file start.pdb (PDB, C-alpha atoms and all ligand atoms)
ATOM      1  CA  MET A   1     -16.532   1.337  -9.833  1.00  0.00           C
ATOM      2  CA  ILE A   2     -13.317   2.115  -8.019  1.00  0.00           C
ATOM      3  CA  ILE A   3     -10.034   0.521  -9.015  1.00  0.00           C
ATOM      4  CA  PHE A   4      -7.846   0.234  -5.933  1.00  0.00           C
ATOM      5  CA  SER A   5      -4.210  -0.604  -6.539  1.00  0.00           C
ATOM      6  CA  ASP A   6      -0.981  -1.121  -4.697  1.00  0.00           C
ATOM      7  CA  PHE A   7       1.867   0.993  -6.096  1.00  0.00           C
ATOM      8  CA  ASP A   8       5.357  -0.637  -5.937  1.00  0.00           C
ATOM      9  CA  GLY A   9       5.605  -3.699  -8.165  1.00  0.00           C
ATOM     10  CA  THR A  10       1.951  -3.412  -9.182  1.00  0.00           C
ATOM     11  CA  LEU A  11       2.027  -0.041 -10.953  1.00  0.00           C
ATOM     12  CA  THR A  12       5.803   0.124 -11.410  1.00  0.00           C
ATOM     13  CA  GLU A  13       8.142  -2.090 -13.431  1.00  0.00           C
ATOM     14  CA  GLU A  14      11.557  -2.620 -11.870  1.00  0.00           C
ATOM     15  CA  GLY A  15      10.960   0.499  -9.811  1.00  0.00           C
ATOM     16  CA  LYS A  16      10.045   2.688 -12.788  1.00  0.00           C
ATOM     17  CA  LEU A  17       6.824   4.249 -13.988  1.00  0.00           C
ATOM     18  CA  THR A  18       6.215   3.136 -17.550  1.00  0.00           C
ATOM     19  CA  ARG A  19       3.747   3.818 -20.348  1.00  0.00           C
ATOM     20  CA  ALA A  20       1.410   1.125 -18.939  1.00  0.00           C
ATOM     21  CA  PHE A  21       0.837   3.137 -15.745  1.00  0.00           C
ATOM     22  CA  PHE A  22      -0.346   6.180 -17.692  1.00  0.00           C
ATOM     23  CA  ASP A  23      -2.463   3.951 -19.947  1.00  0.00           C
ATOM     24  CA  ILE A  24      -4.224   2.665 -16.815  1.00  0.00           C
ATOM     25  CA  LEU A  25      -4.992   6.240 -15.720  1.00  0.00           C
ATOM     26  CA  ASP A  26      -6.255   7.067 -19.244  1.00  0.00           C
ATOM     27  CA  TRP A  27      -8.392   3.913 -19.347  1.00  0.00           C
ATOM     28  CA  THR A  28      -9.901   4.680 -15.956  1.00  0.00           C
ATOM     29  CA  ARG A  29     -10.756   8.240 -16.920  1.00  0.00           C
ATOM     30  CA  ALA A  30     -12.155   7.249 -20.320  1.00  0.00           C
ATOM     31  CA  HIS A  31     -14.485   4.746 -18.629  1.00  0.00           C
ATOM     32  CA  ASP A  32     -15.487   7.179 -15.904  1.00  0.00           C
ATOM     33  CA  HIS A  33     -14.136   5.108 -13.020  1.00  0.00           C
ATOM     34  CA  GLU A  34     -12.090   6.236 -10.041  1.00  0.00           C
ATOM     35  CA  PHE A  35      -8.499   5.131  -9.425  1.00  0.00           C
ATOM     36  CA  VAL A  36      -7.229   4.999  -5.838  1.00  0.00           C
ATOM     37  CA  ILE A  37      -3.632   4.086  -4.966  1.00  0.00           C
ATOM     38  CA  VAL A  38      -3.320   1.971  -1.791  1.00  0.00           C
ATOM     39  CA  SER A  39       0.353   1.957  -0.875  1.00  0.00           C
ATOM     40  CA  GLY A  40       2.790   1.345   1.955  1.00  0.00           C
ATOM     41  CA  ARG A  41       4.624   4.508   0.857  1.00  0.00           C
ATOM     42  CA  SER A  42       4.543   7.587   3.062  1.00  0.00           C
ATOM     43  CA  LEU A  43       1.882  10.269   3.360  1.00  0.00           C
ATOM     44  CA  SER A  44       4.294  12.659   1.618  1.00  0.00           C
ATOM     45  CA  TRP A  45       4.213  10.345  -1.406  1.00  0.00           C
ATOM     46  CA  GLY A  46       0.420  10.593  -1.224  1.00  0.00           C
ATOM     47  CA  HIS A  47       0.748  14.354  -1.628  1.00  0.00           C
ATOM     48  CA  PHE A  48       2.905  13.734  -4.691  1.00  0.00           C
ATOM     49  CA  PHE A  49       0.298  11.389  -6.207  1.00  0.00           C
ATOM     50  CA  LEU A  50      -2.516  13.886  -5.588  1.00  0.00           C
ATOM     51  CA  THR A  51      -0.475  16.731  -7.015  1.00  0.00           C
ATOM     52  CA  HIS A  52       0.845  15.082 -10.174  1.00  0.00           C
ATOM     53  CA  PHE A  53      -1.589  12.316 -11.131  1.00  0.00           C
ATOM     54  CA  PRO A  54      -5.299  12.576 -11.937  1.00  0.00           C
ATOM     55  CA  VAL A  55      -6.409  10.926  -8.675  1.00  0.00           C
ATOM     56  CA  ARG A  56      -8.734  12.388  -6.029  1.00  0.00           C
ATOM     57  CA  ALA A  57      -7.713  10.201  -3.115  1.00  0.00           C
ATOM     58  CA  CYS A  58      -5.065   7.742  -2.001  1.00  0.00           C
ATOM     59  CA  ILE A  59      -4.655   5.471   0.979  1.00  0.00           C
ATOM     60  CA  MET A  60      -1.071   5.567   2.242  1.00  0.00           C
ATOM     61  CA  GLU A  61       1.202   3.992   4.869  1.00  0.00           C
ATOM     62  CA  GLY A  62      -0.419   0.596   4.408  1.00  0.00           C
ATOM     63  CA  GLY A  63      -3.864   1.937   5.308  1.00  0.00           C
ATOM     64  CA  GLY A  64      -2.800   4.226   8.174  1.00  0.00           C
ATOM     65  CA  VAL A  65      -3.792   7.485   6.523  1.00  0.00           C
ATOM     66  CA  ILE A  66      -6.085   8.716   3.767  1.00  0.00           C
ATOM     67  CA  ALA A  67      -5.194  11.798   1.732  1.00  0.00           C
ATOM     68  CA  TYR A  68      -7.733  13.353  -0.597  1.00  0.00           C
ATOM     69  CA  ARG A  69      -8.816  16.562  -2.243  1.00  0.00           C
ATOM     70  CA  ASP A  70     -11.911  18.145  -0.713  1.00  0.00           C
ATOM     71  CA  ALA A  71     -14.628  19.989  -2.638  1.00  0.00           C
ATOM     72  CA  SER A  72     -12.481  23.141  -2.785  1.00  0.00           C
ATOM     73  CA  GLY A  73      -9.467  21.237  -4.112  1.00  0.00           C
ATOM     74  CA  GLU A  74      -7.452  21.399  -0.880  1.00  0.00           C
ATOM     75  CA  ILE A  75      -5.517  18.299   0.195  1.00  0.00           C
ATOM     76  CA  VAL A  76      -6.923  16.848   3.438  1.00  0.00           C
ATOM     77  CA  GLU A  77      -5.452  14.057   5.548  1.00  0.00           C
ATOM     78  CA  GLU A  78      -7.201  11.648   7.873  1.00  0.00           C
ATOM     79  CA  ALA A  79      -5.075   9.414  10.132  1.00  0.00           C
ATOM     80  CA  LEU A  80      -6.794   6.149  10.990  1.00  0.00           C
ATOM     81  CA  VAL A  81      -4.979   5.650  14.321  1.00  0.00           C
ATOM     82  CA  SER A  82      -5.242   7.612  17.586  1.00  0.00           C
ATOM     83  CA  LYS A  83      -2.846  10.239  19.003  1.00  0.00           C
ATOM     84  CA  GLU A  84      -1.809   7.710  21.699  1.00  0.00           C
ATOM     85  CA  GLN A  85      -0.860   5.229  19.004  1.00  0.00           C
ATOM     86  CA  LEU A  86       1.203   7.885  17.225  1.00  0.00           C
ATOM     87  CA  SER A  87       3.100   8.560  20.483  1.00  0.00           C
ATOM     88  CA  CYS A  88       3.597   4.803  20.998  1.00  0.00           C
ATOM     89  CA  LEU A  89       5.172   4.652  17.528  1.00  0.00           C
ATOM     90  CA  GLN A  90       7.540   7.525  18.276  1.00  0.00           C
ATOM     91  CA  ARG A  91       8.596   5.927  21.580  1.00  0.00           C
ATOM     92  CA  PHE A  92       9.255   2.564  19.948  1.00  0.00           C
ATOM     93  CA  THR A  93      11.199   4.162  17.067  1.00  0.00           C
ATOM     94  CA  ASN A  94      13.495   5.845  19.626  1.00  0.00           C
ATOM     95  CA  ASP A  95      13.983   2.482  21.403  1.00  0.00           C
ATOM     96  CA  LEU A  96      14.742   0.757  18.129  1.00  0.00           C
ATOM     97  CA  LYS A  97      17.371   3.355  17.206  1.00  0.00           C
ATOM     98  CA  HIS A  98      18.834   3.020  20.687  1.00  0.00           C
ATOM     99  CA  HIS A  99      19.165  -0.781  20.329  1.00  0.00           C
ATOM    100  CA  TYR A 100      20.309  -0.712  16.703  1.00  0.00           C
ATOM    101  CA  PRO A 101      22.005   2.656  16.109  1.00  0.00           C
ATOM    102  CA  HIS A 102      22.777   1.742  12.480  1.00  0.00           C
ATOM    103  CA  ILE A 103      19.292   0.588  11.554  1.00  0.00           C
ATOM    104  CA  PRO A 104      18.559   1.866   8.025  1.00  0.00           C
ATOM    105  CA  LEU A 105      15.288   3.718   8.504  1.00  0.00           C
ATOM    106  CA  SER A 106      13.911   4.622   5.091  1.00  0.00           C
ATOM    107  CA  ALA A 107      14.796   7.993   3.657  1.00  0.00           C
ATOM    108  CA  ASP A 108      11.072   8.791   3.492  1.00  0.00           C
ATOM    109  CA  SER A 109      10.498   8.052   7.213  1.00  0.00           C
ATOM    110  CA  PHE A 110      10.474  11.804   7.909  1.00  0.00           C
ATOM    111  CA  GLY A 111       7.391  12.109   5.654  1.00  0.00           C
ATOM    112  CA  ARG A 112       5.521   9.374   7.519  1.00  0.00           C
ATOM    113  CA  LEU A 113       2.703   9.953   9.981  1.00  0.00           C
ATOM    114  CA  THR A 114       1.298   6.595  11.114  1.00  0.00           C
ATOM    115  CA  ASP A 115       4.210   4.209  10.528  1.00  0.00           C
ATOM    116  CA  ARG A 116       7.972   4.078   9.955  1.00  0.00           C
ATOM    117  CA  ALA A 117       9.913   1.988   7.449  1.00  0.00           C
ATOM    118  CA  ILE A 118      13.212   0.116   7.311  1.00  0.00           C
ATOM    119  CA  GLU A 119      15.300  -0.505   4.178  1.00  0.00           C
ATOM    120  CA  PHE A 120      15.783  -4.190   4.895  1.00  0.00           C
ATOM    121  CA  HIS A 121      17.782  -4.727   1.680  1.00  0.00           C
ATOM    122  CA  GLN A 122      20.673  -3.016   3.466  1.00  0.00           C
ATOM    123  CA  MET A 123      20.594  -5.591   6.290  1.00  0.00           C
ATOM    124  CA  ASP A 124      21.684  -9.230   6.419  1.00  0.00           C
ATOM    125  CA  GLU A 125      19.105 -11.915   7.133  1.00  0.00           C
ATOM    126  CA  ASP A 126      20.179 -12.415  10.770  1.00  0.00           C
ATOM    127  CA  TRP A 127      19.780  -8.750  11.530  1.00  0.00           C
ATOM    128  CA  VAL A 128      16.332  -8.665   9.897  1.00  0.00           C
ATOM    129  CA  THR A 129      15.265 -11.620  12.073  1.00  0.00           C
ATOM    130  CA  GLN A 130      16.621  -9.920  15.230  1.00  0.00           C
ATOM    131  CA  VAL A 131      14.731  -6.719  14.467  1.00  0.00           C
ATOM    132  CA  MET A 132      11.491  -8.583  13.784  1.00  0.00           C
ATOM    133  CA  ASP A 133      11.921 -10.480  17.086  1.00  0.00           C
ATOM    134  CA  PHE A 134      12.482  -7.140  18.849  1.00  0.00           C
ATOM    135  CA  MET A 135       9.186  -5.898  17.368  1.00  0.00           C
ATOM    136  CA  ASP A 136       7.375  -9.080  18.430  1.00  0.00           C
ATOM    137  CA  THR A 137       8.693  -8.707  21.994  1.00  0.00           C
ATOM    138  CA  ASN A 138       7.489  -5.097  22.101  1.00  0.00           C
ATOM    139  CA  LYS A 139       4.113  -6.034  20.551  1.00  0.00           C
ATOM    140  CA  ILE A 140       4.691  -3.731  17.617  1.00  0.00           C
ATOM    141  CA  ASN A 141       2.898  -4.536  14.359  1.00  0.00           C
ATOM    142  CA  TYR A 142       4.879  -4.806  11.146  1.00  0.00           C
ATOM    143  CA  SER A 143       4.751  -6.091   7.599  1.00  0.00           C
ATOM    144  CA  LYS A 144       7.247  -6.616   4.833  1.00  0.00           C
ATOM    145  CA  SER A 145       6.627  -5.244   1.346  1.00  0.00           C
ATOM    146  CA  ASN A 146       8.952  -5.703  -1.593  1.00  0.00           C
ATOM    147  CA  VAL A 147      10.810  -2.541  -0.559  1.00  0.00           C
ATOM    148  CA  HIS A 148      10.424  -2.010   3.205  1.00  0.00           C
ATOM    149  CA  ILE A 149       9.619  -3.433   6.599  1.00  0.00           C
ATOM    150  CA  ASN A 150       6.909  -1.084   7.852  1.00  0.00           C
ATOM    151  CA  PHE A 151       5.989  -0.920  11.535  1.00  0.00           C
ATOM    152  CA  TRP A 152       3.247   0.870  13.500  1.00  0.00           C
ATOM    153  CA  CYS A 153       1.109   0.934  16.662  1.00  0.00           C
ATOM    154  CA  GLY A 154      -2.608   0.218  16.447  1.00  0.00           C
ATOM    155  CA  GLU A 155      -4.708  -1.551  13.870  1.00  0.00           C
ATOM    156  CA  ILE A 156      -3.601  -0.660  10.364  1.00  0.00           C
ATOM    157  CA  SER A 157      -4.143  -2.629   7.204  1.00  0.00           C
ATOM    158  CA  LYS A 158      -4.819  -1.875   3.577  1.00  0.00           C
ATOM    159  CA  TYR A 159      -8.195  -3.566   3.987  1.00  0.00           C
ATOM    160  CA  LEU A 160      -9.215  -1.375   6.973  1.00  0.00           C
ATOM    161  CA  GLY A 161      -8.122   1.720   5.034  1.00  0.00           C
ATOM    162  CA  VAL A 162     -10.153   0.757   1.961  1.00  0.00           C
ATOM    163  CA  LYS A 163     -13.186  -0.221   4.059  1.00  0.00           C
ATOM    164  CA  HIS A 164     -13.124   3.116   5.929  1.00  0.00           C
ATOM    165  CA  PHE A 165     -12.638   5.012   2.665  1.00  0.00           C
ATOM    166  CA  LEU A 166     -15.636   3.347   1.013  1.00  0.00           C
ATOM    167  CA  GLU A 167     -17.915   3.738   4.046  1.00  0.00           C
ATOM    168  CA  LYS A 168     -17.047   7.352   4.796  1.00  0.00           C
ATOM    169  CA  TYR A 169     -16.149   8.902   1.459  1.00  0.00           C
ATOM    170  CA  ARG A 170     -17.809   6.780  -1.241  1.00  0.00           C
ATOM    171  CA  PRO A 171     -20.927   5.255   0.409  1.00  0.00           C
ATOM    172  CA  ALA A 172     -22.625   4.814  -2.967  1.00  0.00           C
ATOM    173  CA  VAL A 173     -19.845   2.496  -4.206  1.00  0.00           C
ATOM    174  CA  THR A 174     -19.995  -1.156  -3.149  1.00  0.00           C
ATOM    175  CA  PRO A 175     -16.893  -3.320  -2.655  1.00  0.00           C
ATOM    176  CA  GLU A 176     -18.514  -5.870  -4.992  1.00  0.00           C
ATOM    177  CA  SER A 177     -18.346  -3.392  -7.864  1.00  0.00           C
ATOM    178  CA  SER A 178     -14.703  -2.510  -7.209  1.00  0.00           C
ATOM    179  CA  TRP A 179     -11.353  -4.201  -7.797  1.00  0.00           C
ATOM    180  CA  PHE A 180      -8.008  -4.361  -6.032  1.00  0.00           C
ATOM    181  CA  PHE A 181      -4.611  -5.152  -7.604  1.00  0.00           C
ATOM    182  CA  GLY A 182      -1.514  -6.150  -5.654  1.00  0.00           C
ATOM    183  CA  ASP A 183       1.770  -8.014  -5.836  1.00  0.00           C
ATOM    184  CA  ALA A 184       3.175  -8.756  -2.349  1.00  0.00           C
ATOM    185  CA  PRO A 185       2.556  -9.892   1.249  1.00  0.00           C
ATOM    186  CA  ASN A 186       1.646  -6.359   2.389  1.00  0.00           C
ATOM    187  CA  ASP A 187      -1.458  -6.694   0.175  1.00  0.00           C
ATOM    188  CA  GLU A 188      -2.586  -9.825   1.995  1.00  0.00           C
ATOM    189  CA  SER A 189      -5.356  -8.172   4.064  1.00  0.00           C
ATOM    190  CA  MET A 190      -7.005  -7.175   0.780  1.00  0.00           C
ATOM    191  CA  PHE A 191      -6.552 -10.666  -0.651  1.00  0.00           C
ATOM    192  CA  GLU A 192      -8.170 -12.108   2.470  1.00  0.00           C
ATOM    193  CA  LEU A 193     -11.104  -9.762   2.947  1.00  0.00           C
ATOM    194  CA  PHE A 194     -11.788  -7.973  -0.330  1.00  0.00           C
ATOM    195  CA  ASN A 195     -13.502 -10.289  -2.727  1.00  0.00           C
ATOM    196  CA  ASN A 196     -12.444  -8.781  -6.051  1.00  0.00           C
ATOM    197  CA  SER A 197      -8.689  -9.086  -5.653  1.00  0.00           C
ATOM    198  CA  VAL A 198      -6.192  -9.661  -8.442  1.00  0.00           C
ATOM    199  CA  GLY A 199      -2.503 -10.523  -8.164  1.00  0.00           C
ATOM    200  CA  VAL A 200      -0.337  -9.372 -11.057  1.00  0.00           C
ATOM    201  CA  SER A 201       1.892 -12.181 -12.361  1.00  0.00           C
ATOM    202  CA  ASN A 202       5.049 -11.048 -10.524  1.00  0.00           C
ATOM    203  CA  ILE A 203       3.289 -12.091  -7.307  1.00  0.00           C
ATOM    204  CA  SER A 204       4.410 -15.653  -8.142  1.00  0.00           C
ATOM    205  CA  LYS A 205       7.610 -15.266  -6.104  1.00  0.00           C
ATOM    206  CA  TYR A 206       5.587 -14.565  -2.932  1.00  0.00           C
ATOM    207  CA  LEU A 207       2.729 -17.038  -3.355  1.00  0.00           C
ATOM    208  CA  HIS A 208       4.308 -19.623  -1.045  1.00  0.00           C
ATOM    209  CA  LYS A 209       4.426 -16.984   1.726  1.00  0.00           C
ATOM    210  CA  LEU A 210       0.768 -15.972   1.459  1.00  0.00           C
ATOM    211  CA  LYS A 211      -1.834 -17.578   3.669  1.00  0.00           C
ATOM    212  CA  HIS A 212      -4.493 -15.666   1.745  1.00  0.00           C
ATOM    213  CA  LYS A 213      -3.992 -15.478  -1.983  1.00  0.00           C
ATOM    214  CA  PRO A 214      -5.727 -13.102  -4.404  1.00  0.00           C
ATOM    215  CA  ARG A 215      -8.932 -14.474  -5.892  1.00  0.00           C
ATOM    216  CA  ILE A 216      -7.487 -14.095  -9.386  1.00  0.00           C
ATOM    217  CA  ILE A 217      -3.790 -14.607 -10.117  1.00  0.00           C
ATOM    218  CA  LEU A 218      -2.529 -13.402 -13.471  1.00  0.00           C
ATOM    219  CA  LEU A 219       0.059 -15.461 -15.304  1.00  0.00           C
ATOM    220  CA  GLY A 220       2.782 -14.733 -17.848  1.00  0.00           C
ATOM    221  CA  GLU A 221       5.433 -12.056 -18.227  1.00  0.00           C
ATOM    222  CA  GLU A 222       2.978  -9.936 -20.239  1.00  0.00           C
ATOM    223  CA  ASN A 223       0.805  -9.665 -17.092  1.00  0.00           C
ATOM    224  CA  SER A 224       3.563  -8.459 -14.814  1.00  0.00           C
ATOM    225  CA  GLY A 225       2.962  -5.207 -12.874  1.00  0.00           C
ATOM    226  CA  PRO A 226       0.996  -2.445 -14.602  1.00  0.00           C
ATOM    227  CA  ARG A 227       0.730  -4.416 -17.845  1.00  0.00           C
ATOM    228  CA  GLY A 228      -1.239  -7.068 -15.945  1.00  0.00           C
ATOM    229  CA  VAL A 229      -3.518  -4.406 -14.434  1.00  0.00           C
ATOM    230  CA  LEU A 230      -4.119  -2.860 -17.855  1.00  0.00           C
ATOM    231  CA  ASN A 231      -4.782  -6.192 -19.617  1.00  0.00           C
ATOM    232  CA  PHE A 232      -7.203  -7.198 -16.889  1.00  0.00           C
ATOM    233  CA  LEU A 233      -9.125  -3.918 -17.028  1.00  0.00           C
ATOM    234  CA  ARG A 234      -9.333  -4.004 -20.825  1.00  0.00           C
ATOM    235  CA  ASN A 235     -10.772  -7.521 -20.652  1.00  0.00           C
ATOM    236  CA  LEU A 236     -13.403  -6.442 -18.107  1.00  0.00           C
ATOM    237  CA  ILE A 237     -15.221  -4.305 -20.664  1.00  0.00           C
TER
HETATM  238 MG    MG B   1       3.802  -3.916  -3.946  1.00  0.00          MG
END

call {"tool": "encode", "arguments": {"input": "start.pdb", "output": "structure tokens"}}
result
Amino acid sequence: MIIFSDFDGTLTEEGKLTRAFFDILDWTRAHDHEFVIVSGRSLSWGHFFLTHFPVRACIMEGGGVIAYRDASGEIVEEALVSKEQLSCLQRFTNDLKHHYPHIPLSADSFGRLTDRAIEFHQMDEDWVTQVMDFMDTNKINYSKSNVHINFWCGEISKYLGVKHFLEKYRPAVTPESSWFFGDAPNDESMFELFNNSVGVSNISKYLHKLKHKPRIILLGEENSGPRGVLNFLRNLI
């Protein structure tokens, strides 16, 4: 089976990697399963994950790009949008900066390929609304995670990234035998379309915003973030 998991808030606790995260990796390895991070973070973060954690593949930028190690151990990237869509994104980003010269693009935007991100915590609510309206007017897709507003051109979702990954790279693995863990609205495509979805307990603050909720919602402080993932996996066996 493959354990797919969001990163921020699902594998981190208050922004930090803790013991529980490494226990999840140990558990996965001991039971001979694969662990794949599915995150809104940039492709450059994907390189970090592949370099420093025992993972063979990760799906980054909210499903826009897959990074993996090939048979010879080299890191390979596959963007899941076209060249035209990448140019559309660059054009819109220039427009956005022109309209809002002080817009706080995320520090990791330079390491992004298929999307860009905004640090919305540095903006007041009115400004956030204005920027989202500007994206709607320009028919630009976006989603809000617990850290960023990500925006892109083309069809990108965590679900499409996972589906493509399974079909192309792991055809012997069925979605029914795999699990996904998440904690926020940018995981909603997985909650909607991937049957085995689990929300860690800190998802409670977003539940009212979700049209599609995870099939299983963990409860209690002890099931927050990576501790919830670990408890759930231990109970599976
Ligand atoms: Mg998250």

call {"tool": "residues_near_ligand", "arguments": {"input": "start.pdb", "ligand": "ligand MG 1 (chain B)", "cutoff": "9 Å", "atoms": "only C-alpha atoms and all ligand atoms", "output": "PyMOL selection string"}}
result
chain A and resi 6-12+39-40+145-147+182-187+203

call {"tool": "write_last_selection", "arguments": {"input": "start.pdb", "atoms": "C-alpha atoms", "output": "compact mmCIF listing (two decimals), in the coordinates of the input"}}
result
# COMPACT_ATOMS: atom_id res chain seq x y z
CA ASP A 6 -0.98 -1.12 -4.70
CA PHE A 7 1.87 0.99 -6.10
CA ASP A 8 5.36 -0.64 -5.94
CA GLY A 9 5.60 -3.70 -8.16
CA THR A 10 1.95 -3.41 -9.18
CA LEU A 11 2.03 -0.04 -10.95
CA THR A 12 5.80 0.12 -11.41
CA SER A 39 0.35 1.96 -0.88
CA GLY A 40 2.79 1.34 1.96
CA SER A 145 6.63 -5.24 1.35
CA ASN A 146 8.95 -5.70 -1.59
CA VAL A 147 10.81 -2.54 -0.56
CA GLY A 182 -1.51 -6.15 -5.65
CA ASP A 183 1.77 -8.01 -5.84
CA ALA A 184 3.18 -8.76 -2.35
CA PRO A 185 2.56 -9.89 1.25
CA ASN A 186 1.65 -6.36 2.39
CA ASP A 187 -1.46 -6.69 0.18
CA ILE A 203 3.29 -12.09 -7.31

call {"tool": "resolve_selection", "arguments": {"input": "start.pdb", "expression": "the PyMOL selection byres (((chain A and resi 121) around 12) and not hetatm)", "output": "PyMOL selection string"}}
result
chain A and resi 103-106+117-120+122-125+127-128+144-149

call {"tool": "residues_around", "arguments": {"input": "start.pdb", "residues": "Leu160 (chain A)", "least_positions_apart": "4", "cutoff": "7 Å", "atoms": "all atoms listed in the file", "output": "ChimeraX atom specification"}}
result
/A:63,156,164

call {"tool": "atom_distance", "arguments": {"input": "start.pdb", "atom1": "CA of Cys58 (chain A)", "atom2": "CA of Ile3 (chain A)"}}
result
11.2 Å

call {"tool": "residues_around", "arguments": {"input": "start.pdb", "residues": "Leu236 (chain A)", "least_positions_apart": "3", "cutoff": "12 Å", "atoms": "only C-alpha atoms", "output": "list of chain:residue names"}}
result
A:Met1, A:Ile3, A:Trp27, A:Thr28, A:His31, A:Ser177, A:Ser178, A:Trp179, A:Val229, A:Leu230, A:Asn231, A:Phe232, A:Leu233

call {"tool": "closest_residue", "arguments": {"input": "start.pdb", "among": "A:Glu155, A:Asp26, A:Asp108, A:Asp133", "to": "Gln85 (chain A)", "atoms": "all atoms listed in the file"}}
result
A:Glu155

call {"tool": "atom_distance", "arguments": {"input": "start.pdb", "atom1": "CA of Thr51 (chain A)", "atom2": "CA of Ser72 (chain A)"}}
result
14.3 Å

call {"tool": "closest_residue", "arguments": {"input": "start.pdb", "among": "A:Glu34, A:Ile75, A:Asn150, A:Ala107", "to": "Leu89 (chain A)", "atoms": "all atoms listed in the file"}}
result
A:Asn150

call {"tool": "resolve_selection", "arguments": {"input": "start.pdb", "expression": "the PyMOL selection byres (((chain A and resi 224) around 6) and not hetatm)", "output": "PDB file with C-alpha atoms, in the frame of the given file"}}
result
ATOM      1  CA  VAL A 200      -0.337  -9.372 -11.057  1.00  0.00           C
ATOM      2  CA  SER A 201       1.892 -12.181 -12.361  1.00  0.00           C
ATOM      3  CA  ASN A 202       5.049 -11.048 -10.524  1.00  0.00           C
ATOM      4  CA  GLU A 221       5.433 -12.056 -18.227  1.00  0.00           C
ATOM      5  CA  GLU A 222       2.978  -9.936 -20.239  1.00  0.00           C
ATOM      6  CA  ASN A 223       0.805  -9.665 -17.092  1.00  0.00           C
ATOM      7  CA  GLY A 225       2.962  -5.207 -12.874  1.00  0.00           C
ATOM      8  CA  ARG A 227       0.730  -4.416 -17.845  1.00  0.00           C
ATOM      9  CA  GLY A 228      -1.239  -7.068 -15.945  1.00  0.00           C
TER      10      GLY A 228
END

call {"tool": "resolve_selection", "arguments": {"input": "start.pdb", "expression": "the PyMOL selection byres (((chain A and resi 61) around 6) and not hetatm)", "output": "PyMOL selection string"}}
result
chain A and resi 40-42+60+62-64

call {"tool": "write_last_selection", "arguments": {"input": "start.pdb", "atoms": "C-alpha atoms", "output": "compact mmCIF listing (two decimals), in the coordinates of the input"}}
result
# COMPACT_ATOMS: atom_id res chain seq x y z
CA GLY A 40 2.79 1.34 1.96
CA ARG A 41 4.62 4.51 0.86
CA SER A 42 4.54 7.59 3.06
CA MET A 60 -1.07 5.57 2.24
CA GLY A 62 -0.42 0.60 4.41
CA GLY A 63 -3.86 1.94 5.31
CA GLY A 64 -2.80 4.23 8.17

call {"tool": "atom_distance", "arguments": {"input": "start.pdb", "atom1": "CA of His33 (chain A)", "atom2": "CA of Ile2 (chain A)"}}
result
5.9 Å

call {"tool": "closest_residue", "arguments": {"input": "start.pdb", "among": "A:Gln90, A:Asn195, A:Phe53, A:Ser189", "to": "Glu176 (chain A)", "atoms": "all atoms listed in the file"}}
result
A:Asn195

call {"tool": "closest_residue", "arguments": {"input": "start.pdb", "among": "A:Pro101, A:Asp23, A:Leu113, A:Lys205", "to": "Ala67 (chain A)", "atoms": "only C-alpha atoms"}}
result
A:Leu113

call {"tool": "closest_residue", "arguments": {"input": "start.pdb", "among": "A:Ser197, A:Thr93, A:Ser109, A:Thr114", "to": "Asn138 (chain A)", "atoms": "all atoms listed in the file"}}
result
A:Thr93

call {"tool": "closest_residue", "arguments": {"input": "start.pdb", "among": "A:Lys158, A:His102, A:Arg29, A:Arg116", "to": "Ile59 (chain A)", "atoms": "only C-alpha atoms"}}
result
A:Lys158

call {"tool": "residues_near_point", "arguments": {"input": "start.pdb", "point": "(10.7, -1.3, 20.2)", "cutoff": "12 Å", "atoms": "all atoms listed in the file", "output": "VMD selection string"}}
result
chain A and resid 88 to 100 116 130 to 142 151 to 153
